[in-house]
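Trainee: This is upload06.pdb (PDB, C-alpha atoms).
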MODEL        1
ATOM      1  CA  MET A1254     -45.094  22.693  -0.531
ATOM      2  CA  ALA A1255     -48.339  23.056  -2.421
ATOM      3  CA  GLY A1256     -46.681  21.371  -5.405
ATOM      4  CA  LYS A1257     -45.688  18.423  -3.253
ATOM      5  CA  GLU A1258     -49.214  18.025  -1.930
ATOM      6  CA  LYS A1259     -50.550  18.158  -5.459
ATOM      7  CA  LYS A1260     -48.098  15.479  -6.605
ATOM      8  CA  SER A1261     -48.932  13.070  -3.784
ATOM      9  CA  ALA A1262     -52.629  13.530  -4.535
ATOM     10  CA  LEU A1263     -52.216  12.044  -8.015
ATOM     11  CA  PRO A1264     -54.530   9.034  -8.413
ATOM     12  CA  MET A1265     -52.976   5.567  -8.506
ATOM     13  CA  PRO A1266     -53.270   4.115 -12.006
ATOM     14  CA  SER A1267     -55.256   0.917 -12.324
ATOM     15  CA  PHE A1268     -53.451  -2.442 -12.356
ATOM     16  CA  GLY A1269     -54.326  -2.978 -16.002
ATOM     17  CA  GLN A1270     -52.673   0.319 -16.930
ATOM     18  CA  TRP A1271     -49.271  -0.193 -15.356
ATOM     19  CA  ALA A1272     -48.835  -3.961 -15.068
ATOM     20  CA  PRO A1273     -48.174  -4.782 -18.777
ATOM     21  CA  ALA A1274     -45.587  -2.003 -19.184
ATOM     22  CA  VAL A1275     -43.844  -2.795 -15.892
ATOM     23  CA  ALA A1276     -43.845  -6.524 -16.728
ATOM     24  CA  LEU A1277     -42.309  -5.770 -20.130
ATOM     25  CA  ALA A1278     -39.768  -3.498 -18.440
ATOM     26  CA  TRP A1279     -38.785  -6.450 -16.229
ATOM     27  CA  LEU A1280     -38.669  -8.952 -19.078
ATOM     28  CA  ILE A1281     -36.707  -6.756 -21.498
ATOM     29  CA  PRO A1282     -34.580  -3.965 -19.993
ATOM     30  CA  GLY A1283     -35.843  -0.734 -21.579
ATOM     31  CA  GLY A1284     -38.887  -2.540 -23.001
ATOM     32  CA  GLY A1285     -41.334  -0.594 -20.841
ATOM     33  CA  HIS A1286     -39.971   2.706 -22.106
ATOM     34  CA  LEU A1287     -40.150   1.475 -25.694
ATOM     35  CA  LEU A1288     -43.798   0.503 -25.123
ATOM     36  CA  LEU A1289     -44.472   4.017 -23.832
ATOM     37  CA  LYS A1290     -42.824   5.472 -26.970
ATOM     38  CA  ARG A1291     -39.741   6.694 -25.073
ATOM     39  CA  ARG A1292     -37.477   5.149 -27.682
ATOM     40  CA  GLY A1293     -34.257   6.977 -26.870
ATOM     41  CA  ARG A1294     -34.467   6.251 -23.172
ATOM     42  CA  GLY A1295     -35.481   2.652 -23.804
ATOM     43  CA  ALA A1296     -32.545   2.096 -26.146
ATOM     44  CA  LEU A1297     -30.107   3.628 -23.648
ATOM     45  CA  LEU A1298     -31.446   1.439 -20.848
ATOM     46  CA  LEU A1299     -31.228  -1.672 -23.027
ATOM     47  CA  PHE A1300     -27.656  -0.780 -23.983
ATOM     48  CA  ALA A1301     -26.478   0.012 -20.448
ATOM     49  CA  ILE A1302     -28.209  -2.815 -18.575
ATOM     50  CA  GLY A1303     -27.617  -5.373 -21.339
ATOM     51  CA  SER A1304     -23.925  -4.473 -21.620
ATOM     52  CA  MET A1305     -23.486  -4.631 -17.881
ATOM     53  CA  TYR A1306     -25.119  -8.053 -17.715
ATOM     54  CA  LEU A1307     -23.096  -9.403 -20.658
ATOM     55  CA  LEU A1308     -19.872  -8.100 -19.133
ATOM     56  CA  GLY A1309     -20.818  -9.824 -15.881
ATOM     57  CA  ILE A1310     -21.249 -13.115 -17.744
ATOM     58  CA  MET A1311     -18.015 -12.594 -19.712
ATOM     59  CA  MET A1312     -16.192 -11.968 -16.432
ATOM     60  CA  ARG A1313     -17.643 -15.293 -15.260
ATOM     61  CA  GLY A1314     -19.689 -13.822 -12.446
ATOM     62  CA  VAL A1315     -21.683 -16.116 -10.187
ATOM     63  CA  LEU A1316     -25.481 -16.269 -10.328
ATOM     64  CA  PHE A1317     -26.928 -16.454  -6.831
ATOM     65  CA  GLN A1318     -29.227 -19.260  -5.706
ATOM     66  CA  PRO A1319     -31.703 -18.676  -2.865
ATOM     67  CA  ARG A1320     -30.103 -20.453   0.068
ATOM     68  CA  ALA A1321     -31.013 -20.430   3.722
ATOM     69  CA  GLY A1322     -28.507 -20.350   6.527
ATOM     70  CA  ASP A1323     -27.608 -17.734   9.065
ATOM     71  CA  LEU A1324     -29.167 -14.316   8.616
ATOM     72  CA  LEU A1325     -26.322 -12.832   6.558
ATOM     73  CA  THR A1326     -26.066 -15.865   4.253
ATOM     74  CA  THR A1327     -29.818 -15.850   3.661
ATOM     75  CA  LEU A1328     -29.812 -12.104   3.051
ATOM     76  CA  ILE A1329     -26.912 -12.200   0.583
ATOM     77  CA  ASN A1330     -28.097 -15.247  -1.359
ATOM     78  CA  CYS A1331     -31.791 -14.371  -1.507
ATOM     79  CA  GLY A1332     -31.069 -10.690  -2.200
ATOM     80  CA  GLY A1333     -28.524 -11.605  -4.869
ATOM     81  CA  PHE A1334     -30.972 -14.050  -6.440
ATOM     82  CA  LEU A1335     -33.664 -11.356  -6.608
ATOM     83  CA  GLY A1336     -31.111  -8.955  -8.124
ATOM     84  CA  ASP A1337     -30.158 -11.498 -10.776
ATOM     85  CA  LEU A1338     -33.795 -12.369 -11.453
ATOM     86  CA  ALA A1339     -34.614  -8.681 -11.999
ATOM     87  CA  CYS A1340     -32.651  -8.819 -15.280
ATOM     88  CA  GLY A1341     -35.630 -10.618 -16.832
ATOM     89  CA  ILE A1342     -35.032 -12.437 -20.103
ATOM     90  CA  LEU A1343     -31.258 -12.042 -19.810
ATOM     91  CA  TYR A1344     -31.254 -14.039 -16.577
ATOM     92  CA  LEU A1345     -33.754 -16.603 -17.864
ATOM     93  CA  LEU A1346     -31.764 -17.176 -21.074
ATOM     94  CA  THR A1347     -28.547 -17.547 -19.117
ATOM     95  CA  VAL A1348     -30.074 -20.191 -16.845
ATOM     96  CA  TRP A1349     -31.827 -21.997 -19.709
ATOM     97  CA  MET A1350     -28.555 -22.173 -21.633
ATOM     98  CA  GLY A1351     -26.952 -23.914 -18.701
ATOM     99  CA  TYR A1352     -24.607 -21.219 -17.399
ATOM    100  CA  ALA A1353     -23.305 -22.406 -14.043
ATOM    101  CA  GLN A1354     -20.200 -20.674 -12.813
ATOM    102  CA  PRO A1355     -18.871 -22.066  -9.553
ATOM    103  CA  ASN A1356     -17.797 -19.581  -6.933
ATOM    104  CA  ALA A1357     -14.091 -19.035  -7.585
ATOM    105  CA  ALA A1358     -11.428 -16.871  -6.029
ATOM    106  CA  GLY A1359     -10.300 -13.779  -7.899
ATOM    107  CA  PHE A1360     -11.437 -10.213  -8.269
ATOM    108  CA  ALA A1361     -12.618 -10.661 -11.883
ATOM    109  CA  HIS A1362     -15.269 -13.202 -10.845
ATOM    110  CA  ASP A1363     -16.236 -10.974  -7.972
ATOM    111  CA  TYR A1364     -16.657  -7.949 -10.261
ATOM    112  CA  GLY A1365     -18.673 -10.134 -12.618
ATOM    113  CA  THR A1366     -21.039 -11.136  -9.817
ATOM    114  CA  LYS A1367     -21.503  -7.484  -8.853
ATOM    115  CA  PHE A1368     -22.123  -6.518 -12.483
ATOM    116  CA  LEU A1369     -24.870  -9.158 -12.767
ATOM    117  CA  VAL A1370     -26.662  -8.091  -9.588
ATOM    118  CA  THR A1371     -26.279  -4.382 -10.316
ATOM    119  CA  ALA A1372     -27.718  -4.830 -13.803
ATOM    120  CA  GLY A1373     -30.818  -6.297 -12.142
ATOM    121  CA  LEU A1374     -31.050  -3.494  -9.601
ATOM    122  CA  LEU A1375     -30.733  -0.885 -12.347
ATOM    123  CA  ASN A1376     -33.541  -2.658 -14.175
ATOM    124  CA  VAL A1377     -35.681  -2.319 -11.032
ATOM    125  CA  LEU A1378     -35.038   1.455 -11.188
ATOM    126  CA  ALA A1379     -36.112   1.403 -14.840
ATOM    127  CA  MET A1380     -39.302  -0.458 -13.863
ATOM    128  CA  VAL A1381     -40.069   2.168 -11.205
ATOM    129  CA  ASP A1382     -39.464   4.874 -13.815
ATOM    130  CA  VAL A1383     -41.986   3.222 -16.157
ATOM    131  CA  PHE A1384     -44.537   3.135 -13.341
ATOM    132  CA  GLU A1385     -43.956   6.813 -12.550
ATOM    133  CA  ILE A1386     -44.390   7.786 -16.195
ATOM    134  CA  ILE A1387     -47.707   5.902 -16.353
ATOM    135  CA  ALA A1388     -48.819   7.429 -13.037
ATOM    136  CA  GLY A1389     -48.096  10.897 -14.427
ATOM    137  CA  ARG A1390     -45.419  11.692 -11.859
ATOM    138  CA  LYS A1391     -42.876  12.112 -14.654
ATOM    139  CA  ASP A1392     -43.068  13.480 -18.167
TER     140      ASP A1392
ATOM    141  CA  MET B 546     -19.291 -16.535 -24.553
ATOM    142  CA  PRO B 547     -15.698 -15.242 -24.580
ATOM    143  CA  LYS B 548     -14.049 -14.562 -21.281
ATOM    144  CA  VAL B 549     -12.801 -11.061 -20.542
ATOM    145  CA  THR B 550     -10.232 -10.168 -17.953
ATOM    146  CA  LEU B 551     -10.348  -6.578 -16.834
ATOM    147  CA  SER B 552      -8.186  -4.772 -14.334
ATOM    148  CA  HIS B 553      -9.735  -3.294 -11.186
ATOM    149  CA  PHE B 554      -9.657   0.149 -12.771
ATOM    150  CA  GLU B 555     -11.245  -0.914 -16.073
ATOM    151  CA  ALA B 556     -13.999  -2.859 -14.302
ATOM    152  CA  ALA B 557     -14.763   0.025 -11.921
ATOM    153  CA  LEU B 558     -14.737   2.504 -14.815
ATOM    154  CA  LEU B 559     -17.199   0.416 -16.839
ATOM    155  CA  PHE B 560     -19.382  -0.049 -13.774
ATOM    156  CA  ALA B 561     -19.455   3.731 -13.265
ATOM    157  CA  PHE B 562     -20.171   4.346 -16.953
ATOM    158  CA  PHE B 563     -23.159   2.020 -17.282
ATOM    159  CA  THR B 564     -24.613   2.915 -13.890
ATOM    160  CA  SER B 565     -24.360   6.635 -14.678
ATOM    161  CA  ILE B 566     -26.196   6.124 -17.980
ATOM    162  CA  VAL B 567     -29.133   4.484 -16.200
ATOM    163  CA  LEU B 568     -29.176   7.051 -13.381
ATOM    164  CA  GLY B 569     -29.142   9.837 -15.963
ATOM    165  CA  VAL B 570     -31.930   8.270 -18.033
ATOM    166  CA  ILE B 571     -34.302   7.807 -15.089
ATOM    167  CA  ALA B 572     -33.630  11.231 -13.558
ATOM    168  CA  LYS B 573     -36.339  13.898 -13.610
ATOM    169  CA  GLY B 574     -36.172  17.040 -15.723
ATOM    170  CA  ALA B 575     -35.337  18.036 -19.273
ATOM    171  CA  VAL B 576     -32.834  16.169 -21.452
ATOM    172  CA  ARG B 577     -30.038  18.605 -20.630
ATOM    173  CA  GLU B 578     -30.637  18.285 -16.881
ATOM    174  CA  ARG B 579     -30.630  14.492 -17.116
ATOM    175  CA  LEU B 580     -27.425  14.547 -19.156
ATOM    176  CA  LEU B 581     -25.764  16.778 -16.572
ATOM    177  CA  TYR B 582     -26.997  14.521 -13.761
ATOM    178  CA  GLY B 583     -25.534  11.460 -15.515
ATOM    179  CA  LEU B 584     -22.209  13.230 -15.992
ATOM    180  CA  LYS B 585     -22.256  14.358 -12.368
ATOM    181  CA  CYS B 586     -22.866  10.773 -11.198
ATOM    182  CA  PHE B 587     -19.973   9.559 -13.353
ATOM    183  CA  GLY B 588     -17.763  12.266 -11.840
ATOM    184  CA  TYR B 589     -18.755  11.236  -8.310
ATOM    185  CA  PHE B 590     -17.945   7.613  -9.140
ATOM    186  CA  LEU B 591     -14.492   8.665 -10.383
ATOM    187  CA  VAL B 592     -13.840  10.781  -7.292
ATOM    188  CA  ALA B 593     -14.832   7.841  -5.070
ATOM    189  CA  LEU B 594     -12.715   5.456  -7.172
ATOM    190  CA  PHE B 595      -9.552   7.538  -6.967
ATOM    191  CA  GLY B 596     -10.249   8.595  -3.366
ATOM    192  CA  LEU B 597     -10.677   5.036  -2.131
ATOM    193  CA  GLY B 598      -7.697   3.936  -4.235
ATOM    194  CA  TRP B 599      -5.421   6.459  -2.556
ATOM    195  CA  LEU B 600      -6.932   5.665   0.855
ATOM    196  CA  MET B 601      -6.092   1.983   0.405
ATOM    197  CA  TYR B 602      -2.627   2.878  -0.885
ATOM    198  CA  PHE B 603      -1.824   4.871   2.248
ATOM    199  CA  GLY B 604      -3.584   2.304   4.440
ATOM    200  CA  HIS B 605      -1.280  -0.444   3.190
ATOM    201  CA  ARG B 606       1.998   1.481   3.526
TER     202      ARG B 606
ENDMDL
END
If you convert what's in this file into structure tokens, what do you get?

Mentor:
Amino acid sequence: MAGKEKKSALPMPSFGQWAPAVALAWLIPGGGHLLLKRRGRGALLLFAIGSMYLLGIMMRGVLFQPRAGDLLTTLINCGGFLGDLACGILYLLTVWMGYAQPNAAGFAHDYGTKFLVTAGLLNVLAMVDVFEIIAGRKD
Amino acid sequence: MPKVTLSHFEAALLFAFFTSIVLGVIAKGAVRERLLYGLKCFGYFLVALFGLGWLMYFGHR
């Protein structure tokens, strides 16, 4: 209990301390860890998230576009877009290179779409991890 | 970019593999604890994969 209180009392790091590392972690999966000299962890994150994203593209997954409609449509499209966007440079490169997969029937495309979004969500976890390391909540 | 066609099982297995790596890397604790956590996550994914597979098999009979 006392340990928990001590942990929550840790001071919030300043914006200038965490923002560059978290931004790099967004832009390049594992980049934040590499900046913090956690090379092994950074390389593993780059491998896992990068492979997942590439597999998603090779399975011809669909990249979401933010679209409004009924609540569920808005939630799925905007949430999916944010998930895709969280992959950083991988997503930006894909869009800049003109990747545009139409929504097609078939489980392979569907898996691909899930791979792309999940890669982004895993990168968000990596970004949170970078923040926690900077804040001293993790070793 | 070449196109790959994976079966349901292969795709789910790869999904579990990569997700478990990330979950293991960002876990708290020493290296050994994180490795065990990653392996445990992968095991849970496999249990869910086979469990749901059998559930759907019996559901469609």

Trainee: If we count only C-alpha atoms and set the cut-off at 10 Å, which residues sit around Gly574 of chain B, ignoring sequence neighbours fewer than 5 positions away in its own chain? Please answer as a compact mmCIF listing (two decimals) with C-alpha atoms, in the frame of the given file.

Mentor:
# COMPACT_ATOMS: atom_id res chain seq x y z
CA LYS A 1391 -42.88 12.11 -14.65
CA ASP A 1392 -43.07 13.48 -18.17
CA ARG B 579 -30.63 14.49 -17.12
CA LEU B 580 -27.42 14.55 -19.16
CA TYR B 582 -27.00 14.52 -13.76

Trainee: Rounded to one decimal in Å, what is the spacing between atom CA of Arg1291 of chain A and atom CA of Asp1382 of chain A?

Mentor: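 It comes out at 11.4 Å.
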
Trainee: Taking all atoms listed in the file into account, what are the residues of chain A at most 10 Å from chain B, put as a ChimeraX atom specification?

Mentor: /A:1293-1295,1297-1305,1307-1313,1360-1362,1364-1365,1367-1368,1371-1372,1375-1376,1378-1383,1390-1392

Trainee: Show which residues sit within 9 Å of Gly588 of chain B, as a ChimeraX atom specification. Count all atoms listed in the file, and ignore same-chain residues fewer than 5 positions away.

Mentor: /B:561,583,593

Trainee: Padding 4 Å on every side, please: axis-aligned box over the listed atoms of segment 1282-1298 of chain A, centre and edge lengths to one decimal in Å, as AutoDock Vina command-line options.

Mentor:
--center_x -37.3 --center_y 1.5 --center_z -23.8 --size_x 22.4 --size_y 18.9 --size_z 15.7

Trainee: How many Å separate atom CA of Asn1330 of chain A from atom CA of Phe1317 of chain A?

Mentor: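 Between atom CA of Asn1330 of chain A and atom CA of Phe1317 of chain A the gap works out to 5.7 Å.
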
Trainee: Provide the atom CA of Lys1290 of chain A to atom CA of Leu584 of chain B distance in Å, to one decimal place.

Mentor: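 Computed distance, atom CA of Lys1290 of chain A to atom CA of Leu584 of chain B, equals 24.6 Å.
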
Trainee: Using the chain letters and numbers from the file, which residues does the PyMOL selection byres ((chain A and resi 1389) around 12) grab, as a JSON list (two decimals) with C-alpha atoms, in the frame of the given file?

Mentor:
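Everything below was put into out19.json:
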[["chain", "number", "residue", "atom", "x", "y", "z"],
["A", 1259, "LYS", "CA", -50.55, 18.16, -5.46],
["A", 1260, "LYS", "CA", -48.10, 15.48, -6.60],
["A", 1261, "SER", "CA", -48.93, 13.07, -3.78],
["A", 1262, "ALA", "CA", -52.63, 13.53, -4.54],
["A", 1263, "LEU", "CA", -52.22, 12.04, -8.02],
["A", 1264, "PRO", "CA", -54.53, 9.03, -8.41],
["A", 1265, "MET", "CA", -52.98, 5.57, -8.51],
["A", 1266, "PRO", "CA", -53.27, 4.12, -12.01],
["A", 1270, "GLN", "CA", -52.67, 0.32, -16.93],
["A", 1271, "TRP", "CA", -49.27, -0.19, -15.36],
["A", 1382, "ASP", "CA", -39.46, 4.87, -13.82],
["A", 1383, "VAL", "CA", -41.99, 3.22, -16.16],
["A", 1384, "PHE", "CA", -44.54, 3.14, -13.34],
["A", 1385, "GLU", "CA", -43.96, 6.81, -12.55],
["A", 1386, "ILE", "CA", -44.39, 7.79, -16.20],
["A", 1387, "ILE", "CA", -47.71, 5.90, -16.35],
["A", 1388, "ALA", "CA", -48.82, 7.43, -13.04],
["A", 1390, "ARG", "CA", -45.42, 11.69, -11.86],
["A", 1391, "LYS", "CA", -42.88, 12.11, -14.65],
["A", 1392, "ASP", "CA", -43.07, 13.48, -18.17]]

Trainee: Using only C-alpha atoms, determine which residues lie at most 6 Å from segment 1336-1345 of chain A, disregarding the query and same-chain residues fewer than 6 positions distant; provide the list as a list in words.

Mentor: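 The residues satisfying every condition are Trp1279, Leu1280, Val1370, Gly1373 and Leu1374 of chain A.
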
Trainee: List the residues matched by the PyMOL selection byres ((chain A and resi 1355) around 9) in the displayed structure as a ChimeraX atom specification, ordered by chain and then by residue number.

Mentor: /A:1313-1316,1353-1354,1356-1357

Trainee: Could you tell me which residues the PyMOL selection byres ((chain A and resi 1277) around 10) returns for this structure, as a PyMOL selection string?

Mentor: chain A and resi 1272-1276+1278-1288+1341-1342+1380+1383

Trainee: Since fewer atoms than expected are present, regenerate N, CA and C atoms for segment 1313-1344 of chain A and write them as a compact mmCIF listing (two decimals), keeping the file's coordinate frame.

Mentor:
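Saved to rebuild_38.txt:
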# COMPACT_ATOMS: atom_id res chain seq x y z
N ARG A 1313 -17.34 -14.05 -15.97
CA ARG A 1313 -17.64 -15.29 -15.26
C ARG A 1313 -18.13 -15.04 -13.83
N GLY A 1314 -19.08 -14.09 -13.75
CA GLY A 1314 -19.69 -13.82 -12.45
C GLY A 1314 -20.59 -14.97 -12.03
N VAL A 1315 -20.86 -15.03 -10.74
CA VAL A 1315 -21.68 -16.12 -10.19
C VAL A 1315 -23.13 -15.66 -10.11
N LEU A 1316 -24.05 -16.55 -10.50
CA LEU A 1316 -25.48 -16.27 -10.33
C LEU A 1316 -25.91 -16.84 -8.98
N PHE A 1317 -26.54 -16.01 -8.17
CA PHE A 1317 -26.93 -16.45 -6.83
C PHE A 1317 -28.09 -17.45 -6.88
N GLN A 1318 -28.10 -18.34 -5.91
CA GLN A 1318 -29.23 -19.26 -5.71
C GLN A 1318 -29.80 -18.95 -4.33
N PRO A 1319 -31.14 -18.95 -4.20
CA PRO A 1319 -31.70 -18.68 -2.86
C PRO A 1319 -31.35 -19.80 -1.89
N ARG A 1320 -30.57 -19.46 -0.89
CA ARG A 1320 -30.10 -20.45 0.07
C ARG A 1320 -30.35 -19.94 1.48
N ALA A 1321 -30.78 -20.83 2.33
CA ALA A 1321 -31.01 -20.43 3.72
C ALA A 1321 -29.82 -20.82 4.58
N GLY A 1322 -29.60 -20.08 5.60
CA GLY A 1322 -28.51 -20.35 6.53
C GLY A 1322 -28.62 -19.35 7.65
N ASP A 1323 -27.50 -18.80 8.07
CA ASP A 1323 -27.61 -17.73 9.06
C ASP A 1323 -28.15 -16.48 8.37
N LEU A 1324 -28.46 -15.49 9.15
CA LEU A 1324 -29.17 -14.32 8.62
C LEU A 1324 -28.42 -13.67 7.44
N LEU A 1325 -27.11 -13.50 7.60
CA LEU A 1325 -26.32 -12.83 6.56
C LEU A 1325 -26.28 -13.66 5.27
N THR A 1326 -26.09 -14.97 5.42
CA THR A 1326 -26.07 -15.86 4.25
C THR A 1326 -27.40 -15.82 3.51
N THR A 1327 -28.48 -15.89 4.27
CA THR A 1327 -29.82 -15.85 3.66
C THR A 1327 -30.03 -14.52 2.95
N LEU A 1328 -29.63 -13.44 3.62
CA LEU A 1328 -29.81 -12.10 3.05
C LEU A 1328 -29.02 -11.94 1.75
N ILE A 1329 -27.77 -12.36 1.77
CA ILE A 1329 -26.91 -12.20 0.58
C ILE A 1329 -27.41 -13.07 -0.56
N ASN A 1330 -27.71 -14.33 -0.27
CA ASN A 1330 -28.10 -15.25 -1.36
C ASN A 1330 -29.48 -14.94 -1.92
N CYS A 1331 -30.44 -14.68 -1.02
CA CYS A 1331 -31.79 -14.37 -1.51
C CYS A 1331 -31.82 -13.00 -2.19
N GLY A 1332 -31.14 -12.02 -1.59
CA GLY A 1332 -31.07 -10.69 -2.20
C GLY A 1332 -30.36 -10.74 -3.55
N GLY A 1333 -29.26 -11.47 -3.61
CA GLY A 1333 -28.52 -11.60 -4.87
C GLY A 1333 -29.35 -12.31 -5.93
N PHE A 1334 -30.11 -13.33 -5.50
CA PHE A 1334 -30.97 -14.05 -6.44
C PHE A 1334 -32.04 -13.12 -7.01
N LEU A 1335 -32.64 -12.31 -6.14
CA LEU A 1335 -33.66 -11.36 -6.61
C LEU A 1335 -33.04 -10.33 -7.56
N GLY A 1336 -31.82 -9.90 -7.25
CA GLY A 1336 -31.11 -8.96 -8.12
C GLY A 1336 -30.85 -9.56 -9.49
N ASP A 1337 -30.40 -10.81 -9.50
CA ASP A 1337 -30.16 -11.50 -10.78
C ASP A 1337 -31.46 -11.67 -11.56
N LEU A 1338 -32.49 -12.10 -10.82
CA LEU A 1338 -33.80 -12.37 -11.45
C LEU A 1338 -34.40 -11.11 -12.08
N ALA A 1339 -34.06 -9.95 -11.51
CA ALA A 1339 -34.61 -8.68 -12.00
C ALA A 1339 -34.12 -8.34 -13.41
N CYS A 1340 -33.14 -9.08 -13.91
CA CYS A 1340 -32.65 -8.82 -15.28
C CYS A 1340 -33.58 -9.39 -16.34
N GLY A 1341 -34.62 -10.14 -15.90
CA GLY A 1341 -35.63 -10.62 -16.83
C GLY A 1341 -35.12 -11.67 -17.79
N ILE A 1342 -35.34 -11.43 -19.08
CA ILE A 1342 -35.03 -12.44 -20.10
C ILE A 1342 -33.53 -12.76 -20.14
N LEU A 1343 -32.71 -11.79 -19.80
CA LEU A 1343 -31.26 -12.04 -19.81
C LEU A 1343 -30.91 -13.14 -18.81
N TYR A 1344 -31.50 -13.04 -17.61
CA TYR A 1344 -31.25 -14.04 -16.58
C TYR A 1344 -31.85 -15.38 -17.01
